[in-house]
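> First, the structure itself, so that you have it in front of you.
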Amino acid sequence: MKKHGSEFFLKAISVLALGVFALSACGGGGSSSSTGTGTTISGTAAAGAPIIGSVTIKDSTTPTAQTKTVPIAADGKYTVDVTGLKAPYMVRADGYVGGNEYHLYSAGTTADVGGTINITPLTDLIVANIAGSIARPYFGGGDFSPPTEAQLTEQSDALKAKLLPILQAVGVSSSIDLLRASFNTDHTGLDAVLDVVRVTTDTTTNVATITNIVTQQQMTSNINTGTYTGALDNTAGVGTAVTDIQAISAGFKQFSDLFATSLPSETNATLLSLFDNATFLQEGQNLASFLSEVTTDPNMIGISFTNISIQSMDTTNGTGVVGFDVMQNGMSLNDAPESWNMIKRNGAWYMQGDLRIAHVSLRPHAEYRPADVSAQITTGLNMNIEDRGGVGITSAVVTGAGLPGQGLTLVNQINYDWFTIQGANGGNLYGMNDTQIGAIADGGEVYTVQLYKGSTLTATYTEKIKKRPYLSTELTASSFPAITAPTVAQLHAFTGGNATITWTLPIGLTNDWLNVEMNDNSGNSARAEFGLAPADRSKSLTLNPVTSTGQPFTPTGGFIWLSAWDGDGRQLATSMW
């Protein structure tokens, strides 16, 4: 289903996550937080930005451990009541940062009750080095031999010693406790360290690589032995990078504020000052076209941009790439990690967009068509490719898990801006069976999209989906938005004029898009499209059957298409005709 408006913004510039971080909060650069006689454990779950998700704590009860799960707040904070649980504890944070899925671990002892246990890539490495294996199976084991306070302190201190040059470069005290120091996700203190340090683990070799993304210097940790090789002693540009990250964050905060309660004008001076007009390119559109879209889309009002993460930062050349999540009604709307480019000119940072020549996105999609006798429910991948900049792209080839071995070809056949799957009668939904879907990783699967002008390869992009498509066995009619008015008979009798569409949503879904169309047998059509606000459950419209030249026609058919998002950014739609 062709869409603009909300999809254009929500699925393409999720990078604006920087918007929600104020710069005035504390930096968390101190030492271990005090413990007490309380019954809770609190902390921050973050990986360069707050984790959107939940925290699960597992105790030491044998033979069957007890667990509790609590949500993570928007700022990364969590609190869990450990009354009735036996120390020591293992702790796991599950969720997303900038569209990327994370499962990070930490641990605590009796001394931590009433105090703080953070969950970050650093604490995950600390636990792994204690366990002598990656943390996931350690946590999942029937008897995970919980770490002692001495082990936690030893490994925390060992990692801190290796990170000390970076800690000092961002102004963090050498006495900090990486496990227990209270900190805020505001790009200062320990959070600034998480901005510039990345931890990746090879699960085959059990070797973790710790990278300074500013200098690209790396060191490793052999998890089997808990020993480190190399150092992160090159801190050139790290202090500048932290200041730059804070400045970028402040700029996105300005952007977010402009849309907090209303839509600004596309000529708003503050809005224009945030972008680099000379280089800006978002899905093939220049700045003027982009701003015209976002300043007229009602879905922009009240949107929050969260979980900013720095993907790269070049302080010498003044360039960077940032990633993010878009939040609406407490739910993450982007179905994949998005990235935007930044450029520094005359000491200030400006947004450049994704710098792509076209709109390219893949998303899991399921559709319910009550009138379709043979296949009422279809699930698979929606291929959204548009030549929005009009550069003359003629076709695209998508390759990846669950798709044909030679790839899936899409052709540009409607006004040279809308691509459909070759041989699919004008559609862009690739329906998949459960075997095909089973070949897709449950999270983070990557696809390659090649764009062609004739036979010439013009651009190649990669797209990562947050969550695999729904299996057909996971879906019933009740999984989808339910159109309560008009009825099918009323839709068939509608020949134009005023109408009101009403609907209900299953728990866990958020409104996305409504499309109503009338057509005749000669190819004429009249359409009304709406980006929907979260609270909408009805939409009134006026639809007059006239051709593109203003001549009236007599409708012979029509349809209603209503879509919504789940918490993982998967789209579920209902089609009535």
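Residues are named by chain letter and number: chains run A, B, ... in the order of the structure tokens, numbers start at 1 in each chain, and ligands are numbered from 1 in the order shown.
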Can you tell me, as number ranges by chain, which residues in segment 342-551 of chain A count as strand (DSSP E) by DSSP?
A: 342-345, 348-353, 359-368, 377-386, 395-399, 408-414, 418-421, 429-431, 445-453, 456-465, 482-485, 497-504, 510-519, 525-531, 538-543
> Find the spatial neighbours of segment 470-482 of chain A, counting only C-alpha atoms, within a cut-off of 9 Å - ignore same-chain residues fewer than 3 positions away - and output them as a PyMOL selection string.
chain A and resi 364-368+370+376-380+432-435+437-438+467+502-506+509+511+562-564+570+572-574
> Which polymer residues have any atom within 8 Å of an atom of Leu362 of chain A, counting only C-alpha atoms, with same-chain residues fewer than 2 positions away left out, as a list in words?
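My list of contacting residues is Val360, Pro364, Leu381, Asn382, Met383, Asn384, Glu463, Lys464 and Ile465 of chain A.
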> If you keep C-alpha atoms, can you produce a file of those selected residues as a short mmCIF file (atom, residue, chain, number, x, y, z; two decimals), in the first residue's frame?

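Everything below was put into again39.cif:
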```cif
data_model
loop_
_atom_site.label_atom_id
_atom_site.label_comp_id
_atom_site.auth_asym_id
_atom_site.auth_seq_id
_atom_site.Cartn_x
_atom_site.Cartn_y
_atom_site.Cartn_z
CA VAL A 360 14.50 1.91 0.83
CA PRO A 364 7.61 -7.40 8.54
CA LEU A 381 8.04 -8.84 4.16
CA ASN A 382 6.85 -5.54 2.74
CA MET A 383 9.34 -4.09 0.25
CA ASN A 384 9.12 -0.30 0.30
CA GLU A 463 18.47 -2.96 5.65
CA LYS A 464 18.15 -4.62 9.04
CA ILE A 465 14.75 -5.70 10.35
#
```
> Please, which residues of segment 347-458 of chain A, numbered as in this document, come out alpha helix (DSSP H) from DSSP, as a VMD selection string?
chain A and resid 434 to 438
> Please provide as a PyMOL selection string all residues within 9 Å of Thr61 of chain A, with the sequence filter that same-chain residues fewer than 4 positions apart are discarded (counting only C-alpha atoms).
chain A and resi 65-66+85-87
> Write out as a list of chain:residue names each polymer residue whose atoms come within 12 Å of Leu271 of chain A, counting only C-alpha atoms; drop sequence neighbours fewer than 5 positions from it.
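Once the adjacent positions are removed, what remains is A:Gly251, A:Phe252, A:Lys253, A:Gln254, A:Phe255, A:Ser256, A:Asp257, A:Leu258, A:Phe259, A:Leu263, A:Pro264, A:Ser265, A:Glu266, A:Asp276, A:Asn277, A:Leu287, A:Ala288, A:Phe290, A:Leu291, A:Ser292, A:Val294, A:Thr295, A:Tyr350, A:Met351.
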> Of the candidates A:Met518, A:Ala93, A:Ile117, A:Ala192, which shows the shortest atom-to-atom distance to His492 of chain A, using only C-alpha atoms?
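Of the candidates, the smallest distance to His492 of chain A is held by A:Met518.
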